[in-house]
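Data first, discussion second: the structure below is written as structure tokens.
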2 protein chains.
Amino acid sequence: MNNLRATLDQNAARVENALNELFMSRSVKSETLAEAMKYATLGGGKRLRATLVYGVGELFDAPKAALDAAACAVELVHAYSLVHDDLPAMDDDNLRRGRPTCHIQFDEATAILAGDALQSLAIETLLSERFNPCDVETRAAMAETLVCAIGDEGMVGGQAIDMQFTGLSVSLEDLSLMHALKTGALIETSVMLGGIIKLKQGDRALDILSGYGRALGLAFQIADDILDHTSDSETLGKDAKSDDRQNKTTYVSTMGLENARAEANRVCQEAVGLIQRLDGDTQFLENLAQFTVKREY
Amino acid sequence: MNNLRATLDQNAARVENALNELFMSRSVKSETLAEAMKYATLGGGKRLRATLVYGVGELFDAPKAALDAAACAVELVHAYSLVHDDLPAMDDDNLRRGRPTCHIQFDEATAILAGDALQSLAIETLLSERFNPCDVETRAAMAETLVCAIGDEGMVGGQAIDMQFTGLSVSLEDLSLMHALKTGALIETSVMLGGIIKLKQGDRALDILSGYGRALGLAFQIADDILDHTSDSETLGKDAKSDDRQNKTTYVSTMGLENARAEANRVCQEAVGLIQRLDGDTQFLENLAQFTVKREY
């Protein structure tokens, strides 16, 4: 997995660079807003979503600039969702990626607005020819895929269910639905965007990518619950034990630690099996699925 | 202007109907989220933005379904911006359209998420063929126009400047910039969307529409400041005197009430003069410009 770590680092540096260029190209009249958007987005995170875009896109030989646009878009949405999730009215977290959360570093109003503007910017990055060199059909398909995954029927819908579940005892089925929306939809979209750039609608490879993305997203989430339960804040770079503290149902609280570990491995193998069905060198994407459950942060 | 009132009511009913159908077509797992989105969007408001879409679109004989999609999109964005602006961390308003604001009726977390999801839904409405029957180039152009107007370089940027200005003495130039972004960009976009459906990029009519939209947006904002200063909460359906209470610079506080009234009329005449340059029957759009400064709510 040494090779994997090097590629992860490379991809993280690549999207960091692309995000920096994107922010430099903006003309934002409120310096505070511009700073908060950069603060929330730059300098951290595993960049799992960006690396999925790059890994899948390279398998299909997609143009580099289009992949940068897609990688920026999914990381911008991820950053926006974290900024809003961390707000006092939501998860009320003070620490993120080892630094104060956006509303602590700035203030609540600025954090709300920064999240709002990051969502718009993500979609603009996919739609605008200035950032995304694909033809207009592909740009529209990319933007529609993203926007359908992150709204009421996707990511935000999952976050709303999560808020309602807090303090309640939740079935495994409901828990899975919540995570499939809250984190799964954006992870699956990251995988799909790398493919949409080159594949036509209806291509069988898109179904495989969708299945791989969903399995990887689920494995990632189970691993996240395990880490929150077993790790510490310093290692995670965010508040550990926050699920326990907020009395949230997790895969660990529902299945127990050992069963959760076994389930994460099972789903991870499902992702690996699916992606192997594609032509070309899928080693990186297989390793990536394994990394989601073996990571320590 | 009796005729105007009838058309305004007709257009308001038309977009209300289209929004209702749109919400009915959604599959949202969190009932609270779905309810909050509807609560924030349905049953109220002047629907100025929707009526601009319809008025301009009918001038160019645009397809009805495309106009409904565009009218929904701008009203969804407007509703999202109000929900977030009303939050305790922002303007902290309890009353909107004569009813409790979204975070009072539900809670802060739900209001934040409802706003987030309304933004996504607005863009999906323009991009998805299911809602918007235009060809893909036009759908992409409409979505890009909207998304560029509402983010860091537009509406949210203006809201961020507004927050920074609170309690400070602000020059007329800075005040105008703030309003051009905060409310002007979406009003201009409402006008543009009605034209983009039928006009090619570079068409001279688009420049005229842009100028009309900007002038009308400015006239609307000056009138808004005047109403906030001179009217009462019952007539407005929202907290009156909130600018004074928050010590905000307004056109009234900067220019004085009489000068603000004269400026609103001047800018309104500018809008009327511009729209008269277009072929076809522009009477409704002229009346609409006049309505923005003569309204009492």
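Residues in the structure tokens are named by chain (A, B, ... in the order shown) and by number from 1 within that chain; ligands are numbered from 1 in the order shown.
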Inset, instruction - Write out as a ChimeraX atom specification every residue belonging to chain A that has an atom at most 8 Å from any atom of chain B, counting only C-alpha atoms. - result: /A:26-30,32-34,84,89-90,108-110,112-113,116-118,120-121,123-124,127-128,136-137,139-140,143-144,147-148,150-153,156-161,163
Legend entry - All alpha helix (DSSP H) positions in region 12-193 of chain A, as a ChimeraX atom specification: /A:12-24,31-41,48-59,64-85,102-105,108-127,136-150,155-165,172-179,185-193
Inset, instruction - Within 7 Å of Gly44 (chain A), counting only C-alpha atoms, which residues show up once you throw out same-chain ones fewer than 2 positions away? Write them as JSON, numbers by chain, please. - result: {"A": [42, 46, 97]}
Inset, instruction - Going by DSSP on the backbone, which bits of region 89-270 of chain B are strand (DSSP E)? Write them as an NGL selection string, please. - result: :B and (95-96 or 99-100)
Would you output that residue set with N, CA and C atoms, as a PDB file, in the first residue's frame?
```pdb
ATOM      1  N   LEU B  95     -40.606  37.061  11.799  1.00  0.00           N
ATOM      2  CA  LEU B  95     -41.835  37.177  11.026  1.00  0.00           C
ATOM      3  C   LEU B  95     -41.488  37.329   9.548  1.00  0.00           C
ATOM      4  N   ARG B  96     -42.201  36.602   8.695  1.00  0.00           N
ATOM      5  CA  ARG B  96     -41.939  36.664   7.250  1.00  0.00           C
ATOM      6  C   ARG B  96     -43.242  36.330   6.540  1.00  0.00           C
ATOM      7  N   ARG B  99     -46.078  35.225   8.710  1.00  0.00           N
ATOM      8  CA  ARG B  99     -46.022  33.957   9.455  1.00  0.00           C
ATOM      9  C   ARG B  99     -44.676  33.838  10.165  1.00  0.00           C
ATOM     10  N   PRO B 100     -44.588  32.929  11.139  1.00  0.00           N
ATOM     11  CA  PRO B 100     -43.286  32.704  11.783  1.00  0.00           C
ATOM     12  C   PRO B 100     -42.247  32.311  10.732  1.00  0.00           C
TER      13      PRO B 100
END
```
Write out as a CSV table (one decimal) with N, CA and C atoms, in the first residue's frame the residues lying within 8 Å of Leu59 (chain B), counting only C-alpha atoms and excluding same-chain residues fewer than 6 positions away.
```
chain,number,residue,atom,x,y,z
B,280,GLY,N,-42.4,44.6,-29.7
B,280,GLY,CA,-43.5,43.9,-29.0
B,280,GLY,C,-44.1,44.8,-28.0
B,281,ASP,N,-45.1,44.2,-27.3
B,281,ASP,CA,-45.9,44.9,-26.3
B,281,ASP,C,-45.2,44.8,-24.9
B,282,THR,N,-44.5,45.9,-24.5
B,282,THR,CA,-43.7,46.0,-23.3
B,282,THR,C,-44.5,46.6,-22.2
```
Inset, instruction - Would you mind reading off the distance between CA of Ser169 (chain A) and CA of Arg245 (chain A), one decimal, in Å? - result: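 CA of Arg245 (chain A) lies at a distance of 14.6 Å from CA of Ser169 (chain A).
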Legend entry - Residue neighbourhood Leu216 (chain B), 9 Å, only C-alpha atoms, exclusion window fewer than 6 positions, as a count of residues only: 12
All residues 10 Å or closer to Lys294 (chain A), only C-alpha atoms, same chain fewer than 3 positions away omitted, as an mmCIF file with C-alpha atoms, in the first residue's frame:
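Dumped to result00.cif:
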```cif
data_model
loop_
_atom_site.group_PDB
_atom_site.id
_atom_site.type_symbol
_atom_site.label_atom_id
_atom_site.label_comp_id
_atom_site.auth_asym_id
_atom_site.auth_seq_id
_atom_site.Cartn_x
_atom_site.Cartn_y
_atom_site.Cartn_z
ATOM 1 C CA PHE A 220 -16.153 4.209 4.372
ATOM 2 C CA ALA A 223 -15.107 2.535 9.122
ATOM 3 C CA ARG A 261 -15.487 -4.588 11.338
ATOM 4 C CA ALA A 264 -16.902 -3.146 6.593
ATOM 5 C CA ASN A 265 -14.605 -5.818 5.162
ATOM 6 C CA LEU A 288 -8.623 2.615 -2.514
ATOM 7 C CA ALA A 289 -11.594 0.510 -1.445
ATOM 8 C CA GLN A 290 -9.319 -1.335 0.952
ATOM 9 C CA PHE A 291 -7.880 1.900 2.258
ATOM 10 C CA TYR A 297 -7.833 8.710 10.367
#
```
Legend entry - Nearest to Gly195 (chain B) by atom-to-atom distance, counting only C-alpha atoms, from B:Ala50, B:Met255, B:Leu209, B:Val170: B:Leu209
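CA of Leu186 (chain B) to CA of Ala219 (chain B) spans 14.0 Å [interatomic distance, one decimal].
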Inset, instruction - Tell me, as a ChimeraX atom specification, which residues lie within 12 Å of Gln246 (chain A), counting only C-alpha atoms; anything in the same chain fewer than 2 positions away does not count. - result: /A:90-93,162-163,165-168,228,239-244,248-250
Using N, CA and C atoms, can you write the selected residues to a file as a PDB file, in the first residue's frame?
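Output below, filename part.pdb:
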```pdb
ATOM      1  N   MET A  90     -26.396  22.378  14.489  1.00  0.00           N
ATOM      2  CA  MET A  90     -26.323  21.022  13.942  1.00  0.00           C
ATOM      3  C   MET A  90     -25.461  20.168  14.883  1.00  0.00           C
ATOM      4  N   ASP A  91     -24.263  19.726  14.438  1.00  0.00           N
ATOM      5  CA  ASP A  91     -23.461  18.846  15.291  1.00  0.00           C
ATOM      6  C   ASP A  91     -22.664  19.591  16.366  1.00  0.00           C
ATOM      7  N   ASP A  92     -22.559  20.900  16.232  1.00  0.00           N
ATOM      8  CA  ASP A  92     -21.863  21.744  17.202  1.00  0.00           C
ATOM      9  C   ASP A  92     -20.435  21.253  17.469  1.00  0.00           C
ATOM     10  N   ASP A  93     -19.658  21.117  16.410  1.00  0.00           N
ATOM     11  CA  ASP A  93     -18.263  20.680  16.548  1.00  0.00           C
ATOM     12  C   ASP A  93     -17.309  21.876  16.491  1.00  0.00           C
ATOM     13  N   ASP A 162     -30.492  12.300   9.734  1.00  0.00           N
ATOM     14  CA  ASP A 162     -29.523  12.142  10.822  1.00  0.00           C
ATOM     15  C   ASP A 162     -29.916  12.998  12.028  1.00  0.00           C
ATOM     16  N   MET A 163     -30.314  14.243  11.777  1.00  0.00           N
ATOM     17  CA  MET A 163     -30.711  15.129  12.880  1.00  0.00           C
ATOM     18  C   MET A 163     -31.925  14.545  13.618  1.00  0.00           C
ATOM     19  N   PHE A 165     -32.746  11.450  13.839  1.00  0.00           N
ATOM     20  CA  PHE A 165     -32.420  10.188  14.499  1.00  0.00           C
ATOM     21  C   PHE A 165     -31.708  10.398  15.837  1.00  0.00           C
ATOM     22  N   THR A 166     -31.076  11.565  16.021  1.00  0.00           N
ATOM     23  CA  THR A 166     -30.240  11.783  17.205  1.00  0.00           C
ATOM     24  C   THR A 166     -31.034  11.526  18.489  1.00  0.00           C
ATOM     25  N   GLY A 167     -30.497  10.638  19.311  1.00  0.00           N
ATOM     26  CA  GLY A 167     -31.145  10.331  20.580  1.00  0.00           C
ATOM     27  C   GLY A 167     -32.158   9.195  20.468  1.00  0.00           C
ATOM     28  N   LEU A 168     -32.491   8.806  19.236  1.00  0.00           N
ATOM     29  CA  LEU A 168     -33.447   7.705  19.058  1.00  0.00           C
ATOM     30  C   LEU A 168     -32.709   6.398  18.772  1.00  0.00           C
ATOM     31  N   ASP A 228     -14.568   6.701  15.015  1.00  0.00           N
ATOM     32  CA  ASP A 228     -15.101   7.649  15.997  1.00  0.00           C
ATOM     33  C   ASP A 228     -15.168   7.000  17.375  1.00  0.00           C
ATOM     34  N   ASP A 239     -13.320  16.071  16.590  1.00  0.00           N
ATOM     35  CA  ASP A 239     -13.766  15.553  17.876  1.00  0.00           C
ATOM     36  C   ASP A 239     -14.094  14.056  17.791  1.00  0.00           C
ATOM     37  N   ALA A 240     -13.331  13.238  18.504  1.00  0.00           N
ATOM     38  CA  ALA A 240     -13.645  11.804  18.564  1.00  0.00           C
ATOM     39  C   ALA A 240     -14.765  11.577  19.570  1.00  0.00           C
ATOM     40  N   LYS A 241     -15.341  10.400  19.527  1.00  0.00           N
ATOM     41  CA  LYS A 241     -16.431  10.016  20.438  1.00  0.00           C
ATOM     42  C   LYS A 241     -17.637  10.955  20.337  1.00  0.00           C
ATOM     43  N   SER A 242     -17.711  11.726  19.231  1.00  0.00           N
ATOM     44  CA  SER A 242     -18.831  12.671  19.136  1.00  0.00           C
ATOM     45  C   SER A 242     -20.142  11.911  18.934  1.00  0.00           C
ATOM     46  N   ASP A 243     -20.092  10.736  18.298  1.00  0.00           N
ATOM     47  CA  ASP A 243     -21.310   9.928  18.144  1.00  0.00           C
ATOM     48  C   ASP A 243     -21.824   9.479  19.513  1.00  0.00           C
ATOM     49  N   ASP A 244     -20.904   8.985  20.338  1.00  0.00           N
ATOM     50  CA  ASP A 244     -21.290   8.539  21.684  1.00  0.00           C
ATOM     51  C   ASP A 244     -21.850   9.726  22.482  1.00  0.00           C
ATOM     52  N   LYS A 248     -25.752   9.028  19.284  1.00  0.00           N
ATOM     53  CA  LYS A 248     -26.191   8.674  17.933  1.00  0.00           C
ATOM     54  C   LYS A 248     -26.111   7.174  17.711  1.00  0.00           C
ATOM     55  N   THR A 249     -27.086   6.641  17.000  1.00  0.00           N
ATOM     56  CA  THR A 249     -26.993   5.251  16.567  1.00  0.00           C
ATOM     57  C   THR A 249     -25.920   5.158  15.490  1.00  0.00           C
ATOM     58  N   THR A 250     -25.014   4.188  15.619  1.00  0.00           N
ATOM     59  CA  THR A 250     -23.967   3.982  14.619  1.00  0.00           C
ATOM     60  C   THR A 250     -23.914   2.488  14.289  1.00  0.00           C
TER      61      THR A 250
END
```
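Compared by their closest atoms to Thr254 (chain B), and using only C-alpha atoms, the residues B:Leu82, B:Leu199, B:Leu227, B:Leu175 rank with B:Leu175 nearest.
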Legend entry - Which residue of B:Ile104, B:Leu218, B:Leu278, B:Val83 approaches Tyr251 (chain B) most closely, using only C-alpha atoms: B:Leu218
Legend entry - Pick from A:Gly256, A:Gly202, A:Gly211, A:Gly43, whichever lies nearest to Leu172 (chain A) using only C-alpha atoms: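 Nearest candidate to Leu172 (chain A) out of A:Gly256, A:Gly202, A:Gly211, A:Gly43: A:Gly256.
Take the candidates B:Ala40, B:Ala205, B:Ala71, B:Asp86 and check each one against Leu52 (chain B) using only C-alpha atoms; the shortest distance goes to B:Ala71.
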Inset, instruction - Would you mind reading off the distance between CA of Gly98 (chain A) and CA of Ala215 (chain A), one decimal, in Å? - result: 28.2 Å
